[in-house]
file data.txt (compact mmCIF, C-alpha atoms and all ligand atoms)
# COMPACT_ATOMS: atom_id res chain seq x y z
CA MET A 159 -7.40 -25.13 25.62
CA GLY A 160 -4.02 -26.88 25.36
CA ASN A 161 -0.62 -25.36 25.69
CA VAL A 162 -0.24 -22.42 23.31
CA ASN A 163 3.41 -21.44 23.93
CA SER A 164 5.37 -19.52 21.35
CA SER A 165 3.89 -21.42 18.38
CA GLY A 166 0.63 -19.58 19.16
CA LEU A 167 2.63 -16.37 18.94
CA HIS A 168 4.11 -17.30 15.57
CA ALA A 169 0.78 -18.42 14.16
CA GLU A 170 -0.90 -15.20 15.27
CA ILE A 171 1.86 -13.00 13.82
CA LEU A 172 1.88 -14.94 10.54
CA LYS A 173 -1.87 -14.42 10.32
CA ALA A 174 -1.39 -10.67 10.87
CA LEU A 175 1.28 -10.54 8.15
CA SER A 176 -0.89 -12.26 5.54
CA PRO A 177 -4.31 -10.60 5.72
CA ARG A 178 -7.07 -11.79 3.37
CA SER A 179 -7.26 -9.93 0.08
CA ASP A 180 -10.80 -8.80 0.95
CA SER A 181 -9.72 -7.36 4.31
CA GLY A 182 -9.93 -3.78 3.00
CA LEU A 183 -6.27 -3.23 3.94
CA ALA A 184 -5.25 -2.02 0.46
CA GLU A 185 -8.02 0.61 0.54
CA TRP A 186 -6.95 1.61 4.05
CA MET A 187 -3.33 1.97 2.87
CA THR A 188 -4.42 4.05 -0.13
CA ALA A 189 -6.29 6.43 2.20
CA ARG A 190 -3.20 6.74 4.48
CA ALA A 191 -0.93 7.41 1.50
CA HIS A 192 -3.23 10.21 0.32
CA ASP A 193 -3.48 11.69 3.85
CA LEU A 194 0.31 11.92 3.94
CA LEU A 195 0.45 13.34 0.42
CA ASP A 196 -2.17 15.96 1.28
CA GLU A 197 0.20 17.25 3.94
CA ILE A 198 3.22 17.03 1.62
CA VAL A 199 1.40 18.98 -1.11
CA ARG A 200 0.24 21.51 1.47
CA GLN A 201 3.84 22.11 2.57
CA GLY A 202 5.13 22.35 -1.00
CA PRO A 203 8.56 21.33 -2.31
CA PRO A 204 11.15 20.48 -1.17
CA VAL A 205 10.06 17.78 1.28
CA ASP A 206 12.03 14.96 2.88
CA LEU A 207 10.22 11.85 1.69
CA ARG A 208 11.73 9.67 4.38
CA ASP A 209 10.33 11.62 7.29
CA TRP A 210 7.08 12.69 5.69
CA TYR A 211 6.18 9.65 3.62
CA ALA A 212 8.19 6.40 3.77
CA ALA A 213 8.56 6.24 7.57
CA PRO A 214 4.98 7.19 8.53
CA PHE A 215 3.54 5.00 5.77
CA SER A 216 5.50 2.00 7.04
CA GLY A 217 4.69 2.87 10.64
CA ALA A 218 0.99 3.07 9.77
CA LEU A 219 1.04 -0.42 8.28
CA LEU A 220 2.86 -1.92 11.25
CA CYS A 221 0.58 -0.23 13.79
CA LYS A 222 -2.46 -1.36 11.84
CA ILE A 223 -1.49 -5.01 11.43
CA LEU A 224 -0.22 -5.36 14.99
CA GLY A 225 -3.03 -3.44 16.68
CA LEU A 226 -1.00 -0.51 18.05
CA PRO A 227 -2.22 3.12 18.08
CA TYR A 228 -1.14 4.84 14.84
CA ARG A 229 -0.24 8.06 16.68
CA ASP A 230 2.71 6.19 18.25
CA TRP A 231 4.41 5.24 14.96
CA ARG A 232 7.09 7.90 15.32
CA GLN A 233 8.23 6.78 18.74
CA LEU A 234 8.53 3.18 17.55
CA MET A 235 10.24 3.85 14.25
CA SER A 236 12.66 6.53 15.34
CA GLY A 237 13.80 4.54 18.36
CA LEU A 238 14.60 1.38 16.47
CA ASP A 239 16.85 3.28 14.10
CA LEU A 240 19.44 2.95 16.81
CA ALA A 241 18.54 -0.44 18.25
CA PHE A 242 19.14 -2.53 15.12
CA VAL A 243 22.80 -1.89 14.47
CA THR A 244 25.39 -4.24 13.02
CA SER A 245 28.33 -2.66 14.81
CA PRO A 246 30.34 -5.22 16.82
CA ASP A 247 30.59 -2.67 19.65
CA ALA A 248 27.32 -2.04 21.43
CA TYR A 249 26.94 1.57 22.47
CA ASP A 250 24.66 3.05 25.11
CA GLY A 251 22.05 4.30 22.64
CA CYS A 252 21.37 0.81 21.25
CA THR A 253 20.22 -0.74 24.49
CA ALA A 254 18.50 2.44 25.69
CA ASN A 255 16.46 2.48 22.48
CA TRP A 256 15.52 -1.15 22.67
CA ASP A 257 14.55 -0.76 26.35
CA LYS A 258 12.40 2.29 25.64
CA ASP A 259 10.46 0.64 22.82
CA TYR A 260 10.18 -2.67 24.61
CA ALA A 261 8.76 -0.83 27.65
CA TYR A 262 6.26 0.94 25.39
CA VAL A 263 5.06 -2.39 23.94
CA LEU A 264 4.85 -3.94 27.44
CA ASP A 265 2.60 -1.04 28.47
CA GLN A 266 0.35 -1.80 25.50
CA LEU A 267 0.17 -5.44 26.55
CA ARG A 268 -0.72 -4.57 30.12
CA THR A 269 -3.43 -2.08 29.32
CA ASP A 270 -7.08 -3.00 29.75
CA ARG A 271 -8.10 -5.70 27.22
CA SER A 272 -11.10 -3.62 26.10
CA ARG A 273 -8.69 -0.88 24.95
CA GLN A 274 -6.60 -3.28 22.87
CA SER A 275 -7.22 -4.40 19.30
CA GLY A 276 -5.89 -6.70 16.58
CA PRO A 277 -3.15 -9.26 17.13
CA ILE A 278 -1.93 -7.55 20.33
CA ARG A 279 -5.31 -8.22 21.89
CA ARG A 280 -5.56 -11.76 20.54
CA LEU A 281 -2.07 -12.58 21.80
CA CYS A 282 -2.91 -11.22 25.25
CA GLU A 283 -6.10 -13.28 25.25
CA LEU A 284 -4.15 -16.39 24.27
CA LYS A 285 -1.78 -15.73 27.13
CA ASP A 286 -4.66 -15.18 29.60
CA THR A 287 -6.38 -18.38 28.51
CA GLU A 288 -3.19 -20.30 28.84
CA GLN A 289 -2.44 -18.92 32.25
CA ASP A 290 -5.97 -19.86 33.41
CA SER A 291 -5.57 -23.41 32.14
CA ARG A 292 -2.20 -23.75 33.84
CA HIS A 293 -3.71 -22.76 37.14
CA GLY A 294 -6.42 -25.36 36.64
CA PRO A 295 -5.99 -29.17 36.57
CA GLY A 296 -3.75 -30.72 33.94
CA PRO A 297 -0.12 -30.66 32.88
CA THR A 298 1.80 -27.41 33.16
CA SER A 299 4.48 -26.16 30.79
CA GLY A 300 6.17 -22.92 29.84
CA GLY A 301 3.64 -20.76 28.01
CA LEU A 302 3.36 -17.43 26.28
CA THR A 303 4.66 -14.50 28.33
CA ASP A 304 4.42 -10.72 28.07
CA ALA A 305 8.19 -10.67 27.59
CA GLN A 306 7.99 -12.97 24.54
CA ILE A 307 5.19 -10.99 22.95
CA ALA A 308 6.92 -7.66 23.62
CA ALA A 309 10.24 -8.87 22.18
CA PHE A 310 8.53 -10.16 19.04
CA VAL A 311 6.47 -7.03 18.45
CA THR A 312 9.44 -4.74 19.12
CA SER A 313 11.60 -6.73 16.69
CA LEU A 314 8.98 -6.49 13.98
CA PHE A 315 9.29 -2.72 14.10
CA GLY A 316 12.97 -3.23 13.43
CA ALA A 317 12.09 -5.32 10.36
CA VAL A 318 10.63 -2.30 8.62
CA SER A 319 12.43 -2.86 5.36
CA THR A 320 9.28 -1.49 3.78
CA SER A 321 10.38 2.04 4.60
CA ALA A 322 13.95 1.47 3.42
CA PHE A 323 12.71 -0.27 0.27
CA LEU A 324 10.35 2.59 -0.55
CA LEU A 325 13.22 5.06 -0.36
CA HIS A 326 15.33 2.92 -2.69
CA ALA A 327 12.41 2.50 -5.05
CA VAL A 328 11.76 6.26 -5.23
CA LEU A 329 15.44 6.96 -5.73
CA ALA A 330 15.59 4.44 -8.60
CA LEU A 331 12.49 5.93 -10.21
CA VAL A 332 13.64 9.54 -10.06
CA ARG A 333 16.86 8.42 -11.72
CA HIS A 334 14.92 6.67 -14.51
CA PRO A 335 12.43 9.24 -15.85
CA GLY A 336 11.68 7.01 -18.86
CA THR A 337 10.48 4.30 -16.48
CA VAL A 338 8.26 6.78 -14.65
CA ALA A 339 6.74 7.87 -17.98
CA ARG A 340 6.10 4.20 -18.84
CA LEU A 341 4.38 3.66 -15.46
CA ARG A 342 2.24 6.74 -15.87
CA ALA A 343 1.17 5.55 -19.32
CA ASP A 344 0.45 2.02 -18.06
CA PRO A 345 -0.23 1.90 -14.27
CA GLY A 346 -0.93 -1.84 -14.67
CA LEU A 347 2.86 -2.27 -14.83
CA MET A 348 3.21 -1.25 -11.17
CA GLU A 349 2.99 -4.85 -9.92
CA SER A 350 5.93 -6.08 -11.99
CA ALA A 351 7.70 -2.73 -11.39
CA VAL A 352 7.73 -3.45 -7.65
CA GLY A 353 9.32 -6.86 -8.31
CA GLU A 354 11.97 -5.29 -10.53
CA LEU A 355 12.63 -2.47 -8.04
CA LEU A 356 13.10 -5.12 -5.35
CA ARG A 357 15.61 -6.92 -7.56
CA HIS A 358 17.47 -3.83 -8.66
CA THR A 359 17.71 -1.95 -5.36
CA MET A 360 19.02 -3.57 -2.23
CA SER A 361 17.53 -2.21 0.95
CA ILE A 362 18.29 -5.17 3.18
CA GLY A 363 21.86 -4.15 3.83
CA ASP A 364 24.52 -6.69 4.70
CA GLY A 365 24.44 -10.31 3.52
CA LEU A 366 21.93 -12.72 5.04
CA PRO A 367 23.78 -14.71 7.72
CA ARG A 368 23.74 -18.51 7.87
CA ILE A 369 25.76 -20.98 9.96
CA ALA A 370 26.56 -24.24 8.17
CA THR A 371 25.21 -27.16 10.21
CA ALA A 372 27.23 -29.70 8.19
CA ASP A 373 30.17 -29.68 5.79
CA THR A 374 28.67 -28.50 2.51
CA GLU A 375 30.10 -28.04 -0.97
CA LEU A 376 28.81 -24.98 -2.74
CA GLY A 377 30.19 -24.73 -6.27
CA ASP A 378 33.88 -25.43 -5.79
CA VAL A 379 34.00 -24.15 -2.20
CA LEU A 380 33.85 -26.39 0.84
CA ILE A 381 32.00 -24.75 3.74
CA ARG A 382 32.83 -26.45 7.00
CA SER A 383 30.25 -27.19 9.65
CA GLY A 384 29.97 -24.24 12.05
CA GLU A 385 31.28 -21.66 9.57
CA LEU A 386 29.45 -18.39 9.00
CA VAL A 387 28.23 -17.70 5.47
CA LEU A 388 26.98 -14.28 4.42
CA VAL A 389 24.69 -14.69 1.43
CA CYS A 390 25.18 -11.80 -0.99
CA VAL A 391 21.70 -11.36 -2.42
CA GLU A 392 22.85 -8.61 -4.79
CA ALA A 393 25.17 -11.02 -6.58
CA ALA A 394 22.26 -13.40 -7.16
CA ASN A 395 19.95 -10.58 -8.28
CA PHE A 396 22.49 -9.39 -10.86
CA ASP A 397 23.51 -12.85 -12.07
CA PRO A 398 23.73 -12.55 -15.87
CA ALA A 399 23.04 -16.27 -16.19
CA VAL A 400 19.56 -15.66 -14.76
CA PHE A 401 18.73 -12.05 -15.66
CA GLY A 402 19.37 -10.71 -19.18
CA GLU A 403 21.06 -7.28 -18.98
CA PRO A 404 20.94 -7.37 -15.17
CA GLU A 405 22.07 -3.74 -14.78
CA ARG A 406 19.04 -2.51 -16.69
CA LEU A 407 15.93 -1.54 -14.66
CA ASP A 408 13.23 -3.22 -16.73
CA ILE A 409 9.82 -2.96 -15.09
CA GLY A 410 8.35 -5.40 -17.58
CA ARG A 411 10.90 -8.11 -16.71
CA HIS A 412 9.34 -11.55 -16.68
CA PRO A 413 10.09 -13.93 -15.10
CA ASN A 414 11.86 -12.17 -12.25
CA PRO A 415 13.12 -14.73 -9.73
CA HIS A 416 14.91 -12.18 -7.51
CA LEU A 417 15.94 -13.08 -3.96
CA SER A 418 15.26 -9.74 -2.25
CA LEU A 419 12.57 -11.29 -0.07
CA GLY A 420 14.74 -14.27 0.83
CA ALA A 421 14.09 -17.89 -0.11
CA GLY A 422 13.23 -21.23 1.43
CA ARG A 423 12.04 -21.59 4.99
CA HIS A 424 12.91 -18.02 5.99
CA TYR A 425 11.21 -16.44 2.97
CA CYS A 426 9.73 -13.12 4.11
CA PRO A 427 6.29 -13.89 5.57
CA ALA A 428 5.22 -10.29 4.83
CA SER A 429 6.18 -10.49 1.14
CA ALA A 430 2.68 -10.13 -0.35
CA LEU A 431 1.74 -7.43 2.14
CA SER A 432 4.96 -5.49 1.48
CA CYS A 433 4.46 -5.63 -2.29
CA VAL A 434 0.91 -4.25 -2.00
CA HIS A 435 2.20 -1.60 0.42
CA ALA A 436 4.91 -0.53 -2.03
CA ARG A 437 2.51 -0.60 -4.98
CA VAL A 438 0.02 1.63 -3.16
CA ALA A 439 2.74 4.03 -1.97
CA LEU A 440 4.38 4.43 -5.39
CA THR A 441 1.11 4.70 -7.31
CA ALA A 442 -0.14 7.48 -5.02
CA LEU A 443 3.22 9.25 -5.13
CA LEU A 444 3.40 9.32 -8.93
CA GLU A 445 -0.23 10.40 -9.13
CA ARG A 446 0.12 13.31 -6.71
CA LEU A 447 3.68 14.56 -7.33
CA PRO A 448 4.25 15.18 -11.06
CA ASP A 449 7.83 15.63 -12.29
CA LEU A 450 9.17 14.11 -9.10
CA ARG A 451 12.92 14.62 -8.78
CA LEU A 452 15.70 14.77 -6.22
CA ALA A 453 16.18 18.14 -4.52
CA VAL A 454 19.90 17.43 -3.97
CA LEU A 455 22.64 15.87 -6.03
CA VAL A 456 22.60 12.11 -5.68
CA ASP A 457 26.16 12.27 -4.26
CA GLN A 458 24.88 14.45 -1.43
CA LEU A 459 22.64 11.73 -0.05
CA VAL A 460 24.01 10.48 3.27
CA TRP A 461 23.79 6.72 3.73
CA ARG A 462 23.38 5.19 7.15
CA THR A 463 26.24 2.91 8.17
CA GLY A 464 26.41 0.08 10.70
CA TYR A 465 22.69 -0.58 10.49
CA ILE A 466 20.77 -3.68 9.37
CA LYS A 467 19.15 -1.78 6.53
CA ARG A 468 20.79 0.33 3.84
CA LEU A 469 18.97 3.64 3.75
CA PRO A 470 19.52 7.36 3.15
CA GLU A 471 19.17 9.62 6.19
CA ARG A 472 16.96 11.94 4.14
CA LEU A 473 15.44 11.89 0.66
CA PRO A 474 14.64 15.52 -0.22
CA VAL A 475 12.53 15.82 -3.37
CA LEU A 476 10.98 18.48 -5.58
CA TRP A 477 8.00 18.17 -7.89
CA GLY A 478 5.94 20.30 -10.26
CA THR A 479 7.22 22.34 -13.15
CA PRO A 480 10.74 23.69 -12.51
CA ALA A 481 10.73 27.48 -12.05
CA ALA A 482 12.03 29.42 -15.07
CA HIS A 483 15.25 31.33 -14.36
C1 LIG B 501 10.01 -4.58 1.05
C2 LIG B 501 10.03 -4.93 2.30
C3 LIG B 501 10.70 -6.16 2.84
C4 LIG B 501 11.82 -6.81 2.40
C5 LIG B 501 12.72 -6.45 1.21
C6 LIG B 501 12.02 -7.94 3.28
C7 LIG B 501 13.04 -8.87 3.14
C8 LIG B 501 13.18 -10.01 3.90
C9 LIG B 501 14.18 -11.03 3.69
C10 LIG B 501 15.30 -10.98 2.65
C11 LIG B 501 13.98 -11.99 4.60
C12 LIG B 501 14.79 -13.30 4.75
C13 LIG B 501 15.83 -13.16 5.83
C14 LIG B 501 16.74 -14.37 5.87
O1 LIG B 501 16.63 -15.28 5.06
O2 LIG B 501 17.62 -14.38 6.76
C15 LIG B 501 12.85 -11.59 5.42
C16 LIG B 501 12.35 -12.31 6.48
C17 LIG B 501 11.41 -11.82 7.34
N1 LIG B 501 10.64 -10.69 7.17
FE1 LIG B 501 10.75 -9.39 5.65
N2 LIG B 501 11.05 -7.95 4.24
C18 LIG B 501 10.22 -6.87 4.02
C19 LIG B 501 9.14 -6.50 4.78
C20 LIG B 501 8.78 -7.09 5.96
C21 LIG B 501 7.75 -6.61 6.86
C22 LIG B 501 6.89 -5.36 6.64
C23 LIG B 501 7.71 -7.48 7.91
C24 LIG B 501 6.85 -7.49 9.13
C25 LIG B 501 6.26 -6.51 9.68
C26 LIG B 501 8.69 -8.52 7.66
C27 LIG B 501 8.91 -9.57 8.50
C28 LIG B 501 9.82 -10.57 8.27
C29 LIG B 501 10.05 -11.67 9.18
C30 LIG B 501 9.34 -11.93 10.51
C31 LIG B 501 11.05 -12.47 8.59
C32 LIG B 501 11.69 -13.74 9.18
C33 LIG B 501 11.09 -14.99 8.59
C34 LIG B 501 11.78 -16.23 9.10
O3 LIG B 501 12.92 -16.17 9.56
O4 LIG B 501 11.17 -17.30 9.01
N3 LIG B 501 9.31 -8.24 6.47
N4 LIG B 501 12.37 -10.38 4.95

call {"tool": "encode", "arguments": {"input": "data.txt", "output": "structure tokens", "more": "lines below"}}
Ligand code: HEM
result
Amino acid sequence: MGNVNSSGLHAEILKALSPRSDSGLAEWMTARAHDLLDEIVRQGPPVDLRDWYAAPFSGALLCKILGLPYRDWRQLMSGLDLAFVTSPDAYDGCTANWDKDYAYVLDQLRTDRSRQSGPIRRLCELKDTEQDSRHGPGPTSGGLTDAQIAAFVTSLFGAVSTSAFLLHAVLALVRHPGTVARLRADPGLMESAVGELLRHTMSIGDGLPRIATADTELGDVLIRSGELVLVCVEAANFDPAVFGEPERLDIGRHPNPHLSLGAGRHYCPASALSCVHARVALTALLERLPDLRLAVLVDQLVWRTGYIKRLPERLPVLWGTPAAH
């Protein structure tokens, strides 16, 4: 086998992020969503949907597609809350969190191959094969290392916009009861609803950063080579020249060329997977929790600051018929 290096890593991860439609993953996700909802229903309202639904449902997906044990989702997701900050001043917690999670992933890489599964196992096997061939005859070159794999896997857990997006989507829905009624009457609308919720709610936080590699004119602005540009996706998603009545949440909107999953060569490689994930999560939620509504005033939600994603610290909800007073 030739040199695999980090392109083998990218290819393997891309494969994990775009599973075949007949892989049974959607059914697996539906079963996880209902497991979580069983527990939520058992507890009764109010429940914090971030801790009990969005975070574990995202963690489950990431563990599943990467080949990590599901029971460890909490350690990975809670840690990275601190590691992926946008503050210019690093504080002790950031590096400690990264180190802890990176060490956890390294442990998973160094465990016995027979106890590994999924992409983690395949990546380790690629690395083993490459190391063997480097020790044999033939040219040598820098290959795949545990450190590279661990950094990539740890970073993916930080890219869990799925959890943040779900929270935004639920918040938008509970604030638009007419839309929820429309979805209940026609569940087939869920696919386009996810697209519209992506357009209308921005979970990805600050602008997408780009460095100009050459002097470039954008509209009437000259961007000089080397300058930082922060792309404001919200502005594009609410551009009245592209979207009629952009402020309106219209789950039947078509076409819907929103930019919430990026564009061009960095377009989110997990876009299809994330849309199915959101569709499954929201369908199960509306099915199991009738009359879903916020348990606090919307102004009481506390938004995380200085973090790569925009997300509420908690999303307490109620459901069922309101008690008569
Ligand atoms: C609803 C959920 C998600 C949203 C809204 C989202 C959004 C985005 C956006 C806007 C970009 C482009 C970044 C840029 O241009 O600088 C991106 C890239 C990326 N996303 Fe997602 N994402 C989601 C879910 C995920 C998940 C679940 C994963 C993986 C586990 C993932 C992995 C990635 C990766 C690896 C890239 C970088 C691609 C590249 O630079 O070539 N995303 N995502």

call {"tool": "atom_distance", "arguments": {"input": "data.txt", "atom1": "atom CA of Arg268 of chain A", "atom2": "atom CA of Ala305 of chain A"}}
result
11.1 Å

call {"tool": "closest_residue", "arguments": {"input": "data.txt", "among": "A:Gly422, A:Gly478, A:Gly202, A:Pro277", "to": "Pro448 of chain A", "atoms": "only C-alpha atoms"}}
result
A:Gly478

call {"tool": "residues_near_point", "arguments": {"input": "data.txt", "point": "(7.1, -3.5, -11.5)", "cutoff": "9 Å", "atoms": "all atoms listed in the file", "output": "list of chain:residue names"}}
result
A:Leu341, A:Gly346, A:Leu347, A:Met348, A:Glu349, A:Ser350, A:Ala351, A:Val352, A:Gly353, A:Glu354, A:Leu355, A:Leu356, A:Asp408, A:Ile409, A:Gly410, A:Arg411, A:Arg437

call {"tool": "residues_near_ligand", "arguments": {"input": "data.txt", "ligand": "ligand LIG 501 (chain B)", "cutoff": "7 Å", "atoms": "all atoms listed in the file", "output": "mmCIF file with C-alpha atoms, in the coordinates of the input"}}
result
data_model
loop_
_atom_site.group_PDB
_atom_site.id
_atom_site.type_symbol
_atom_site.label_atom_id
_atom_site.label_comp_id
_atom_site.auth_asym_id
_atom_site.auth_seq_id
_atom_site.Cartn_x
_atom_site.Cartn_y
_atom_site.Cartn_z
ATOM 1 C CA LEU A 175 1.280 -10.540 8.150
ATOM 2 C CA LEU A 220 2.860 -1.920 11.250
ATOM 3 C CA LEU A 314 8.980 -6.490 13.980
ATOM 4 C CA PHE A 315 9.290 -2.720 14.100
ATOM 5 C CA ALA A 317 12.090 -5.320 10.360
ATOM 6 C CA VAL A 318 10.630 -2.300 8.620
ATOM 7 C CA SER A 319 12.430 -2.860 5.360
ATOM 8 C CA THR A 320 9.280 -1.490 3.780
ATOM 9 C CA PHE A 323 12.710 -0.270 0.270
ATOM 10 C CA LEU A 356 13.100 -5.120 -5.350
ATOM 11 C CA SER A 361 17.530 -2.210 0.950
ATOM 12 C CA ILE A 362 18.290 -5.170 3.180
ATOM 13 C CA LEU A 366 21.930 -12.720 5.040
ATOM 14 C CA PRO A 367 23.780 -14.710 7.720
ATOM 15 C CA LEU A 417 15.940 -13.080 -3.960
ATOM 16 C CA SER A 418 15.260 -9.740 -2.250
ATOM 17 C CA LEU A 419 12.570 -11.290 -0.070
ATOM 18 C CA GLY A 420 14.740 -14.270 0.830
ATOM 19 C CA ALA A 421 14.090 -17.890 -0.110
ATOM 20 C CA ARG A 423 12.040 -21.590 4.990
ATOM 21 C CA HIS A 424 12.910 -18.020 5.990
ATOM 22 C CA TYR A 425 11.210 -16.440 2.970
ATOM 23 C CA CYS A 426 9.730 -13.120 4.110
ATOM 24 C CA PRO A 427 6.290 -13.890 5.570
ATOM 25 C CA ALA A 428 5.220 -10.290 4.830
ATOM 26 C CA SER A 429 6.180 -10.490 1.140
ATOM 27 C CA SER A 432 4.960 -5.490 1.480
ATOM 28 C CA CYS A 433 4.460 -5.630 -2.290
#

call {"tool": "residues_around", "arguments": {"input": "data.txt", "residues": "Leu447 of chain A", "least_positions_apart": "4", "cutoff": "9 Å", "atoms": "only C-alpha atoms", "output": "list in words"}}
result
Leu195, Val199, Ala442, Leu443, Leu476, Trp477 and Gly478 of chain A

call {"tool": "closest_residue", "arguments": {"input": "data.txt", "among": "A:Glu471, A:Glu445, A:Asp230, A:Asp257", "to": "Thr188 of chain A", "atoms": "all atoms listed in the file"}}
result
A:Glu445

call {"tool": "residues_near_point", "arguments": {"input": "data.txt", "point": "(13.8, 19.2, -3.6)", "cutoff": "9 Å", "atoms": "only C-alpha atoms", "output": "MDAnalysis selection string"}}
result
chainID A and resid 203:206 450:454 473:477

call {"tool": "closest_residue", "arguments": {"input": "data.txt", "among": "A:Thr359, A:Gln306, A:Ser216, A:Ser181", "to": "Tyr260 of chain A", "atoms": "all atoms listed in the file"}}
result
A:Gln306

call {"tool": "atom_distance", "arguments": {"input": "data.txt", "atom1": "atom CA of Tyr211 of chain A", "atom2": "atom CA of Gly316 of chain A"}}
result
17.6 Å

call {"tool": "closest_residue", "arguments": {"input": "data.txt", "among": "A:Asp364, A:Thr312, A:Asp193, A:Asp304", "to": "Thr463 of chain A", "atoms": "only C-alpha atoms"}}
result
A:Asp364

call {"tool": "atom_distance", "arguments": {"input": "data.txt", "atom1": "atom CA of Val460 of chain A", "atom2": "atom CA of Cys221 of chain A"}}
result
27.8 Å

call {"tool": "closest_residue", "arguments": {"input": "data.txt", "among": "A:Gln289, A:Asn395, A:Thr441, A:Thr374", "to": "Leu407 of chain A", "atoms": "only C-alpha atoms"}}
result
A:Asn395

call {"tool": "closest_residue", "arguments": {"input": "data.txt", "among": "A:Asp449, A:Glu375, A:Glu405, A:Glu170", "to": "Arg342 of chain A", "atoms": "all atoms listed in the file"}}
result
A:Asp449

call {"tool": "residues_around", "arguments": {"input": "data.txt", "residues": "Leu183 of chain A", "least_positions_apart": "2", "cutoff": "12 Å", "atoms": "only C-alpha atoms", "output": "list of chain:residue names"}}
result
A:Ala174, A:Leu175, A:Ser176, A:Pro177, A:Arg178, A:Ser179, A:Asp180, A:Ser181, A:Glu185, A:Trp186, A:Met187, A:Thr188, A:Ala189, A:Arg190, A:Ala218, A:Leu219, A:Leu220, A:Lys222, A:Ile223, A:Leu431, A:Ser432, A:Val434, A:His435, A:Val438

call {"tool": "write_last_selection", "arguments": {"input": "data.txt", "atoms": "C-alpha atoms", "output": "compact mmCIF listing (two decimals), in the frame of the given file"}}
result
# COMPACT_ATOMS: atom_id res chain seq x y z
CA ALA A 174 -1.39 -10.67 10.87
CA LEU A 175 1.28 -10.54 8.15
CA SER A 176 -0.89 -12.26 5.54
CA PRO A 177 -4.31 -10.60 5.72
CA ARG A 178 -7.07 -11.79 3.37
CA SER A 179 -7.26 -9.93 0.08
CA ASP A 180 -10.80 -8.80 0.95
CA SER A 181 -9.72 -7.36 4.31
CA GLU A 185 -8.02 0.61 0.54
CA TRP A 186 -6.95 1.61 4.05
CA MET A 187 -3.33 1.97 2.87
CA THR A 188 -4.42 4.05 -0.13
CA ALA A 189 -6.29 6.43 2.20
CA ARG A 190 -3.20 6.74 4.48
CA ALA A 218 0.99 3.07 9.77
CA LEU A 219 1.04 -0.42 8.28
CA LEU A 220 2.86 -1.92 11.25
CA LYS A 222 -2.46 -1.36 11.84
CA ILE A 223 -1.49 -5.01 11.43
CA LEU A 431 1.74 -7.43 2.14
CA SER A 432 4.96 -5.49 1.48
CA VAL A 434 0.91 -4.25 -2.00
CA HIS A 435 2.20 -1.60 0.42
CA VAL A 438 0.02 1.63 -3.16

call {"tool": "decode", "arguments": {"input": "data.txt", "residues": "segment 393-409 of chain A", "atoms": "C-alpha atoms", "output": "mmCIF file, in the first residue's frame"}}
result
data_model
loop_
_atom_site.group_PDB
_atom_site.id
_atom_site.type_symbol
_atom_site.label_atom_id
_atom_site.label_comp_id
_atom_site.auth_asym_id
_atom_site.auth_seq_id
_atom_site.Cartn_x
_atom_site.Cartn_y
_atom_site.Cartn_z
ATOM 1 C CA ALA A 393 -27.126 39.040 6.038
ATOM 2 C CA ALA A 394 -27.137 36.690 3.050
ATOM 3 C CA ASN A 395 -29.921 34.545 4.518
ATOM 4 C CA PHE A 396 -32.134 37.600 5.034
ATOM 5 C CA ASP A 397 -31.318 39.278 1.722
ATOM 6 C CA PRO A 398 -34.663 40.587 0.414
ATOM 7 C CA ALA A 399 -33.328 40.406 -3.134
ATOM 8 C CA VAL A 400 -33.145 36.607 -2.784
ATOM 9 C CA PHE A 401 -35.805 35.719 -0.194
ATOM 10 C CA GLY A 402 -39.298 37.239 -0.376
ATOM 11 C CA GLU A 403 -40.392 38.430 3.099
ATOM 12 C CA PRO A 404 -37.112 37.201 4.617
ATOM 13 C CA GLU A 405 -38.252 37.785 8.217
ATOM 14 C CA ARG A 406 -41.115 35.347 7.789
ATOM 15 C CA LEU A 407 -40.513 31.702 8.799
ATOM 16 C CA ASP A 408 -42.066 29.920 5.832
ATOM 17 C CA ILE A 409 -41.533 26.170 5.987
#
